[in-house]
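**Student:** To be precise about what I am sending: the file is called upload_20.cif and holds mmCIF, N, CA and C atoms.
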```cif
data_start
#
loop_
_atom_site.group_PDB
_atom_site.id
_atom_site.type_symbol
_atom_site.label_atom_id
_atom_site.label_comp_id
_atom_site.auth_asym_id
_atom_site.auth_seq_id
_atom_site.Cartn_x
_atom_site.Cartn_y
_atom_site.Cartn_z
ATOM 1 N N MET A 249 58.061 107.751 108.222
ATOM 2 C CA MET A 249 58.015 106.692 109.217
ATOM 3 C C MET A 249 58.746 105.473 108.649
ATOM 4 N N ASP A 250 59.678 104.906 109.410
ATOM 5 C CA ASP A 250 60.418 103.758 108.902
ATOM 6 C C ASP A 250 59.664 102.451 109.136
ATOM 7 N N ALA A 251 60.182 101.370 108.593
ATOM 8 C CA ALA A 251 59.492 100.072 108.635
ATOM 9 C C ALA A 251 59.237 99.599 110.062
ATOM 10 N N LEU A 252 60.215 99.753 110.948
ATOM 11 C CA LEU A 252 60.022 99.297 112.329
ATOM 12 C C LEU A 252 58.943 100.109 113.032
ATOM 13 N N GLN A 253 58.915 101.402 112.793
ATOM 14 C CA GLN A 253 57.869 102.241 113.383
ATOM 15 C C GLN A 253 56.492 101.848 112.864
ATOM 16 N N ARG A 254 56.406 101.512 111.584
ATOM 17 C CA ARG A 254 55.120 101.073 111.018
ATOM 18 C C ARG A 254 54.661 99.769 111.663
ATOM 19 N N LEU A 255 55.580 98.858 111.897
ATOM 20 C CA LEU A 255 55.220 97.603 112.565
ATOM 21 C C LEU A 255 54.723 97.870 113.982
ATOM 22 N N HIS A 256 55.410 98.755 114.704
ATOM 23 C CA HIS A 256 54.961 99.132 116.050
ATOM 24 C C HIS A 256 53.564 99.734 116.002
ATOM 25 N N SER A 257 53.345 100.622 115.057
ATOM 26 C CA SER A 257 52.036 101.269 114.926
ATOM 27 C C SER A 257 50.932 100.260 114.637
ATOM 28 N N ALA A 258 51.291 99.164 113.978
ATOM 29 C CA ALA A 258 50.320 98.114 113.662
ATOM 30 C C ALA A 258 50.138 97.138 114.825
ATOM 31 N N GLY A 259 50.873 97.358 115.920
ATOM 32 C CA GLY A 259 50.697 96.529 117.105
ATOM 33 C C GLY A 259 51.634 95.341 117.220
ATOM 34 N N TYR A 260 52.671 95.289 116.389
ATOM 35 C CA TYR A 260 53.617 94.179 116.455
ATOM 36 C C TYR A 260 54.687 94.429 117.509
ATOM 37 N N ARG A 261 55.130 93.358 118.153
ATOM 38 C CA ARG A 261 56.244 93.413 119.102
ATOM 39 C C ARG A 261 57.476 92.916 118.354
ATOM 40 N N LEU A 262 58.562 93.664 118.397
ATOM 41 C CA LEU A 262 59.764 93.340 117.638
ATOM 42 C C LEU A 262 60.809 92.692 118.536
ATOM 43 N N VAL A 263 61.319 91.554 118.080
ATOM 44 C CA VAL A 263 62.329 90.803 118.830
ATOM 45 C C VAL A 263 63.549 90.623 117.937
ATOM 46 N N MET A 264 64.729 90.946 118.471
ATOM 47 C CA MET A 264 65.977 90.711 117.753
ATOM 48 C C MET A 264 66.564 89.405 118.271
ATOM 49 N N LEU A 265 66.748 88.452 117.374
ATOM 50 C CA LEU A 265 67.359 87.169 117.681
ATOM 51 C C LEU A 265 68.707 87.174 116.984
ATOM 52 N N THR A 266 69.800 87.193 117.765
ATOM 53 C CA THR A 266 71.109 87.435 117.173
ATOM 54 C C THR A 266 72.209 86.638 117.859
ATOM 55 N N GLY A 267 73.260 86.400 117.130
ATOM 56 C CA GLY A 267 74.448 85.768 117.683
ATOM 57 C C GLY A 267 75.370 86.767 118.363
ATOM 58 N N ASP A 268 75.077 88.050 118.222
ATOM 59 C CA ASP A 268 75.905 89.084 118.851
ATOM 60 C C ASP A 268 75.843 88.989 120.368
ATOM 61 N N ASN A 269 76.839 89.591 121.013
ATOM 62 C CA ASN A 269 76.825 89.599 122.481
ATOM 63 C C ASN A 269 75.725 90.542 122.968
ATOM 64 N N PRO A 270 75.237 90.329 124.190
ATOM 65 C CA PRO A 270 74.107 91.116 124.697
ATOM 66 C C PRO A 270 74.341 92.624 124.715
ATOM 67 N N THR A 271 75.547 93.065 125.042
ATOM 68 C CA THR A 271 75.818 94.502 125.105
ATOM 69 C C THR A 271 75.631 95.146 123.734
ATOM 70 N N THR A 272 76.228 94.549 122.723
ATOM 71 C CA THR A 272 76.099 95.067 121.358
ATOM 72 C C THR A 272 74.653 95.004 120.885
ATOM 73 N N ALA A 273 74.023 93.849 121.091
ATOM 74 C CA ALA A 273 72.642 93.659 120.631
ATOM 75 C C ALA A 273 71.690 94.650 121.290
ATOM 76 N N ASN A 274 71.826 94.858 122.589
ATOM 77 C CA ASN A 274 70.943 95.798 123.291
ATOM 78 C C ASN A 274 71.152 97.232 122.821
ATOM 79 N N ALA A 275 72.395 97.611 122.524
ATOM 80 C CA ALA A 275 72.661 98.964 122.021
ATOM 81 C C ALA A 275 71.994 99.173 120.660
ATOM 82 N N ILE A 276 72.106 98.184 119.789
ATOM 83 C CA ILE A 276 71.478 98.278 118.467
ATOM 84 C C ILE A 276 69.959 98.307 118.601
ATOM 85 N N ALA A 277 69.423 97.432 119.443
ATOM 86 C CA ALA A 277 67.968 97.354 119.631
ATOM 87 C C ALA A 277 67.404 98.664 120.167
ATOM 88 N N LYS A 278 68.110 99.268 121.103
ATOM 89 C CA LYS A 278 67.639 100.532 121.676
ATOM 90 C C LYS A 278 67.572 101.613 120.602
ATOM 91 N N GLU A 279 68.611 101.687 119.786
ATOM 92 C CA GLU A 279 68.648 102.699 118.728
ATOM 93 C C GLU A 279 67.582 102.437 117.657
ATOM 94 N N ALA A 280 67.313 101.162 117.378
ATOM 95 C CA ALA A 280 66.365 100.806 116.317
ATOM 96 C C ALA A 280 64.918 100.744 116.792
ATOM 97 N N GLY A 281 64.707 100.776 118.108
ATOM 98 C CA GLY A 281 63.349 100.695 118.627
ATOM 99 C C GLY A 281 62.814 99.275 118.708
ATOM 100 N N ILE A 282 63.696 98.321 118.943
ATOM 101 C CA ILE A 282 63.306 96.914 119.057
ATOM 102 C C ILE A 282 62.944 96.632 120.504
ATOM 103 N N ASP A 283 61.858 95.876 120.706
ATOM 104 C CA ASP A 283 61.296 95.662 122.038
ATOM 105 C C ASP A 283 62.061 94.670 122.905
ATOM 106 N N GLU A 284 62.585 93.630 122.311
ATOM 107 C CA GLU A 284 63.179 92.539 123.084
ATOM 108 C C GLU A 284 64.398 92.013 122.342
ATOM 109 N N VAL A 285 65.418 91.604 123.100
ATOM 110 C CA VAL A 285 66.638 91.062 122.513
ATOM 111 C C VAL A 285 66.882 89.665 123.065
ATOM 112 N N ILE A 286 67.151 88.743 122.167
ATOM 113 C CA ILE A 286 67.619 87.410 122.541
ATOM 114 C C ILE A 286 68.983 87.289 121.872
ATOM 115 N N ALA A 287 70.052 87.441 122.658
ATOM 116 C CA ALA A 287 71.408 87.525 122.114
ATOM 117 C C ALA A 287 72.195 86.241 122.374
ATOM 118 N N GLY A 288 73.302 86.112 121.655
ATOM 119 C CA GLY A 288 74.197 84.978 121.841
ATOM 120 C C GLY A 288 73.673 83.680 121.254
ATOM 121 N N VAL A 289 72.755 83.765 120.303
ATOM 122 C CA VAL A 289 72.164 82.565 119.702
ATOM 123 C C VAL A 289 72.897 82.263 118.393
ATOM 124 N N LEU A 290 73.527 81.107 118.324
ATOM 125 C CA LEU A 290 74.230 80.704 117.115
ATOM 126 C C LEU A 290 73.224 80.295 116.038
ATOM 127 N N PRO A 291 73.633 80.308 114.758
ATOM 128 C CA PRO A 291 72.694 79.983 113.678
ATOM 129 C C PRO A 291 71.935 78.670 113.886
ATOM 130 N N ASP A 292 72.611 77.646 114.372
ATOM 131 C CA ASP A 292 71.936 76.361 114.571
ATOM 132 C C ASP A 292 70.898 76.410 115.684
ATOM 133 N N GLY A 293 70.968 77.391 116.566
ATOM 134 C CA GLY A 293 70.014 77.499 117.665
ATOM 135 C C GLY A 293 68.836 78.419 117.383
ATOM 136 N N LYS A 294 68.852 79.093 116.249
ATOM 137 C CA LYS A 294 67.793 80.068 115.962
ATOM 138 C C LYS A 294 66.438 79.407 115.731
ATOM 139 N N ALA A 295 66.419 78.255 115.074
ATOM 140 C CA ALA A 295 65.140 77.567 114.859
ATOM 141 C C ALA A 295 64.527 77.177 116.198
ATOM 142 N N ASP A 296 65.354 76.709 117.141
ATOM 143 C CA ASP A 296 64.844 76.352 118.471
ATOM 144 C C ASP A 296 64.321 77.578 119.208
ATOM 145 N N ALA A 297 65.022 78.708 119.072
ATOM 146 C CA ALA A 297 64.569 79.938 119.727
ATOM 147 C C ALA A 297 63.225 80.388 119.155
ATOM 148 N N ILE A 298 63.049 80.228 117.856
ATOM 149 C CA ILE A 298 61.773 80.585 117.225
ATOM 150 C C ILE A 298 60.668 79.660 117.722
ATOM 151 N N LYS A 299 60.963 78.362 117.801
ATOM 152 C CA LYS A 299 59.970 77.405 118.315
ATOM 153 C C LYS A 299 59.569 77.749 119.746
ATOM 154 N N LYS A 300 60.533 78.204 120.549
ATOM 155 C CA LYS A 300 60.222 78.592 121.931
ATOM 156 C C LYS A 300 59.262 79.784 121.945
ATOM 157 N N LEU A 301 59.512 80.779 121.103
ATOM 158 C CA LEU A 301 58.604 81.928 121.013
ATOM 159 C C LEU A 301 57.210 81.471 120.595
ATOM 160 N N GLN A 302 57.147 80.563 119.626
ATOM 161 C CA GLN A 302 55.853 80.059 119.167
ATOM 162 C C GLN A 302 55.144 79.273 120.263
ATOM 163 N N SER A 303 55.904 78.543 121.084
ATOM 164 C CA SER A 303 55.286 77.771 122.172
ATOM 165 C C SER A 303 54.673 78.682 123.229
ATOM 166 N N GLN A 304 55.091 79.953 123.231
ATOM 167 C CA GLN A 304 54.527 80.948 124.143
ATOM 168 C C GLN A 304 53.294 81.615 123.534
ATOM 169 N N GLY A 305 52.851 81.090 122.395
ATOM 170 C CA GLY A 305 51.663 81.630 121.744
ATOM 171 C C GLY A 305 51.937 82.771 120.786
ATOM 172 N N ARG A 306 53.191 83.043 120.516
ATOM 173 C CA ARG A 306 53.530 84.139 119.607
ATOM 174 C C ARG A 306 53.494 83.668 118.161
ATOM 175 N N GLN A 307 53.030 84.538 117.277
ATOM 176 C CA GLN A 307 53.166 84.296 115.844
ATOM 177 C C GLN A 307 54.468 84.954 115.436
ATOM 178 N N VAL A 308 55.266 84.249 114.655
ATOM 179 C CA VAL A 308 56.616 84.703 114.351
ATOM 180 C C VAL A 308 56.797 84.923 112.857
ATOM 181 N N ALA A 309 57.382 86.058 112.515
ATOM 182 C CA ALA A 309 57.880 86.315 111.164
ATOM 183 C C ALA A 309 59.361 86.598 111.325
ATOM 184 N N MET A 310 60.184 86.030 110.465
ATOM 185 C CA MET A 310 61.625 86.190 110.603
ATOM 186 C C MET A 310 62.216 86.779 109.339
ATOM 187 N N VAL A 311 63.136 87.699 109.516
ATOM 188 C CA VAL A 311 63.917 88.239 108.418
ATOM 189 C C VAL A 311 65.367 87.985 108.765
ATOM 190 N N GLY A 312 66.113 87.359 107.847
ATOM 191 C CA GLY A 312 67.522 87.073 108.083
ATOM 192 C C GLY A 312 68.370 87.736 107.019
ATOM 193 N N ASP A 313 69.666 87.807 107.295
ATOM 194 C CA ASP A 313 70.544 88.396 106.284
ATOM 195 C C ASP A 313 71.064 87.304 105.352
ATOM 196 N N ARG A 314 71.702 87.715 104.292
ATOM 197 C CA ARG A 314 72.135 86.775 103.268
ATOM 198 C C ARG A 314 73.283 85.880 103.715
ATOM 199 N N HIS A 315 73.910 86.169 104.832
ATOM 200 C CA HIS A 315 75.043 85.375 105.297
ATOM 201 C C HIS A 315 74.625 84.258 106.241
ATOM 202 N N GLN A 316 73.392 84.246 106.654
ATOM 203 C CA GLN A 316 72.917 83.259 107.618
ATOM 204 C C GLN A 316 72.026 82.242 106.948
ATOM 205 N N ARG A 317 72.035 81.034 107.466
ATOM 206 C CA ARG A 317 71.074 80.024 107.038
ATOM 207 C C ARG A 317 69.749 80.403 107.674
ATOM 208 N N CYS A 318 68.716 80.490 106.889
ATOM 209 C CA CYS A 318 67.422 80.953 107.384
ATOM 210 C C CYS A 318 66.574 79.773 107.824
ATOM 211 N N PRO A 319 66.303 79.631 109.126
ATOM 212 C CA PRO A 319 65.478 78.519 109.567
ATOM 213 C C PRO A 319 64.002 78.736 109.294
ATOM 214 N N GLY A 320 63.623 79.902 108.820
ATOM 215 C CA GLY A 320 62.203 80.196 108.615
ATOM 216 C C GLY A 320 61.513 80.305 109.952
ATOM 217 N N ALA A 321 60.244 80.393 109.922
ATOM 218 C CA ALA A 321 59.496 80.552 111.163
ATOM 219 C C ALA A 321 58.624 79.342 111.451
ATOM 220 N N GLY A 322 58.761 78.301 110.655
ATOM 221 C CA GLY A 322 58.018 77.079 110.918
ATOM 222 C C GLY A 322 56.540 77.217 110.620
ATOM 223 N N PRO A 323 55.757 76.251 111.091
ATOM 224 C CA PRO A 323 54.321 76.275 110.818
ATOM 225 C C PRO A 323 53.666 77.545 111.348
ATOM 226 N N GLY A 324 52.873 78.168 110.521
ATOM 227 C CA GLY A 324 52.162 79.371 110.946
ATOM 228 C C GLY A 324 53.020 80.611 110.962
ATOM 229 N N GLY A 325 54.249 80.515 110.492
ATOM 230 C CA GLY A 325 55.139 81.667 110.489
ATOM 231 C C GLY A 325 55.628 81.960 109.088
ATOM 232 N N ARG A 326 56.559 82.886 108.986
ATOM 233 C CA ARG A 326 57.080 83.261 107.677
ATOM 234 C C ARG A 326 58.565 83.517 107.807
ATOM 235 N N GLY A 327 59.340 83.058 106.818
ATOM 236 C CA GLY A 327 60.772 83.315 106.792
ATOM 237 C C GLY A 327 61.153 84.077 105.542
ATOM 238 N N ASP A 328 62.103 84.978 105.649
ATOM 239 C CA ASP A 328 62.578 85.749 104.511
ATOM 240 C C ASP A 328 64.051 86.026 104.715
ATOM 241 N N CYS A 329 64.895 85.503 103.822
ATOM 242 C CA CYS A 329 66.333 85.754 103.906
ATOM 243 C C CYS A 329 66.720 86.654 102.748
ATOM 244 N N HIS A 330 67.177 87.829 103.031
ATOM 245 C CA HIS A 330 67.558 88.758 101.975
ATOM 246 C C HIS A 330 68.717 88.180 101.180
ATOM 247 N N GLY A 331 68.538 88.070 99.876
ATOM 248 C CA GLY A 331 69.602 87.596 99.011
ATOM 249 C C GLY A 331 69.685 86.087 98.888
ATOM 250 N N ARG A 332 68.936 85.351 99.698
ATOM 251 C CA ARG A 332 68.996 83.891 99.647
ATOM 252 C C ARG A 332 67.626 83.277 99.862
ATOM 253 N N ARG A 333 66.629 83.773 99.225
ATOM 254 C CA ARG A 333 65.274 83.267 99.424
ATOM 255 C C ARG A 333 65.167 81.782 99.130
ATOM 256 N N GLU A 334 65.996 81.272 98.222
ATOM 257 C CA GLU A 334 65.889 79.872 97.871
ATOM 258 C C GLU A 334 66.225 78.953 99.042
ATOM 259 N N ARG A 335 66.859 79.452 100.067
ATOM 260 C CA ARG A 335 67.228 78.627 101.205
ATOM 261 C C ARG A 335 66.168 78.628 102.293
ATOM 262 N N CYS A 336 65.147 79.444 102.148
ATOM 263 C CA CYS A 336 64.087 79.505 103.144
ATOM 264 C C CYS A 336 63.013 78.487 102.812
ATOM 265 N N PRO A 337 62.612 77.700 103.787
ATOM 266 C CA PRO A 337 61.536 76.755 103.514
ATOM 267 C C PRO A 337 60.227 77.494 103.281
ATOM 268 N N PRO A 338 59.381 76.973 102.393
ATOM 269 C CA PRO A 338 58.097 77.638 102.187
ATOM 270 C C PRO A 338 57.253 77.533 103.441
ATOM 271 N N SER A 339 56.541 78.572 103.736
ATOM 272 C CA SER A 339 55.654 78.554 104.896
ATOM 273 C C SER A 339 54.498 79.503 104.644
ATOM 274 N N LYS A 340 53.452 79.300 105.369
ATOM 275 C CA LYS A 340 52.260 80.128 105.225
ATOM 276 C C LYS A 340 52.427 81.389 106.061
ATOM 277 N N PRO A 341 52.247 82.571 105.479
ATOM 278 C CA PRO A 341 52.376 83.800 106.266
ATOM 279 C C PRO A 341 51.330 83.845 107.378
ATOM 280 N N PRO A 342 51.672 84.469 108.513
ATOM 281 C CA PRO A 342 50.689 84.575 109.586
ATOM 282 C C PRO A 342 49.526 85.461 109.163
ATOM 283 N N PRO A 343 48.342 85.194 109.668
ATOM 284 C CA PRO A 343 47.205 86.040 109.307
ATOM 285 C C PRO A 343 47.383 87.448 109.855
ATOM 286 N N LEU A 344 46.935 88.420 109.103
ATOM 287 C CA LEU A 344 46.987 89.804 109.573
ATOM 288 C C LEU A 344 45.767 90.079 110.425
ATOM 289 N N ARG A 345 45.944 90.919 111.445
ATOM 290 C CA ARG A 345 44.834 91.231 112.345
ATOM 291 C C ARG A 345 43.897 92.211 111.743
#
```
Produce structure tokens that represent the structure in this file.

**Tutor:**
Amino acid sequence: MDALQRLHSAGYRLVMLTGDNPTTANAIAKEAGIDEVIAGVLPDGKADAIKKLQSQGRQVAMVGDRHQRCPGAGPGGRGDCHGRRERCPPSKPPPLR
């Protein structure tokens, strides 16, 4: 069982937040088993998109790649940038259910 399947089994909803165009993002999400796609978001807009998800009552954990500036997930969330952890602001991980 891969990591995304384990998250699904644990009851998590997976959202892809990406700068890619919607067609590409949806194709990748479908193959990977991701529940929701928010496409066309530039790096500077990702923190705002995360805040919007949080304002809907969602707890957010974010994983970014080493080429992107990691906005983290803000209060009550968690950020993790592969290869560039030093650029992620410290935050408290969300409580596990």

**Student:** May I ask for the distance between CA of Leu255 in chain A and CA of Pro291 in chain A, given in Å to one decimal place?

**Tutor:**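 A separation of 24.8 Å between them.
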
**Student:** From the set A:Met310, A:Gly293, A:Ile286, A:Lys299, which residue has the shortest atom-to-atom contact distance to Leu265 in chain A, counting only C-alpha atoms?

**Tutor:** A:Ile286

**Student:** As a list in words, please: the residues near Thr271 in chain A (cut-off 8 Å, only N, CA and C atoms, same-chain neighbours under 5 positions excluded).

**Tutor:**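 Here the answer would be Ile276, Ala277 and Ala287 of chain A.
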
**Student:** Which value, in Å to one decimal, gives the distance between CA of Gly281 in chain A and CA of Arg261 in chain A?

**Tutor:**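 These atoms are spaced 10.2 Å apart.
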
**Student:** Selected by the PyMOL selection byres ((chain A and resi 283) around 6) in the shown coordinates: which residues, as a list in words?

**Tutor:**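 With the PyMOL selection byres ((chain A and resi 283) around 6) on this model, the match is Arg261, Leu262, Val263, Gly281, Ile282, Glu284 and Val285 of chain A.
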
**Student:** For each of A:Leu290, A:Ala309, A:Ser303, A:Asp250, take the minimum atom-to-atom distance to Asp268 in chain A, counting only N, CA and C atoms, then give the residue where this is smallest.

**Tutor:** A:Leu290

**Student:** If I take CA of Tyr260 in chain A and atom N of Lys300 in chain A, how far is one from the other in Å, to one decimal?

**Tutor:**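 It comes out at 17.9 Å.
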
**Student:** Tell me which of A:Thr272, A:Leu301, A:Thr266, A:Val308 sits closest to Val289 in chain A, counting only N, CA and C atoms.

**Tutor:**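 Distance minimum relative to Val289 in chain A lands on A:Thr266.
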
**Student:** Please check which residues have atoms at most 8 Å from (78.3, 85.5, 128.3) in the file's coordinates, counting only N, CA and C atoms, and write them as a list in words.

**Tutor:**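 Nearby residues: Asn269, Pro270 and Gly288 of chain A.
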
**Student:** Put those residues in a file: N, CA and C atoms, as a short mmCIF file (atom, residue, chain, number, x, y, z; two decimals), in the frame of the given file.

**Tutor:**
```cif
data_model
loop_
_atom_site.label_atom_id
_atom_site.label_comp_id
_atom_site.auth_asym_id
_atom_site.auth_seq_id
_atom_site.Cartn_x
_atom_site.Cartn_y
_atom_site.Cartn_z
N ASN A 269 76.84 89.59 121.01
CA ASN A 269 76.82 89.60 122.48
C ASN A 269 75.72 90.54 122.97
N PRO A 270 75.24 90.33 124.19
CA PRO A 270 74.11 91.12 124.70
C PRO A 270 74.34 92.62 124.72
N GLY A 288 73.30 86.11 121.66
CA GLY A 288 74.20 84.98 121.84
C GLY A 288 73.67 83.68 121.25
#
```
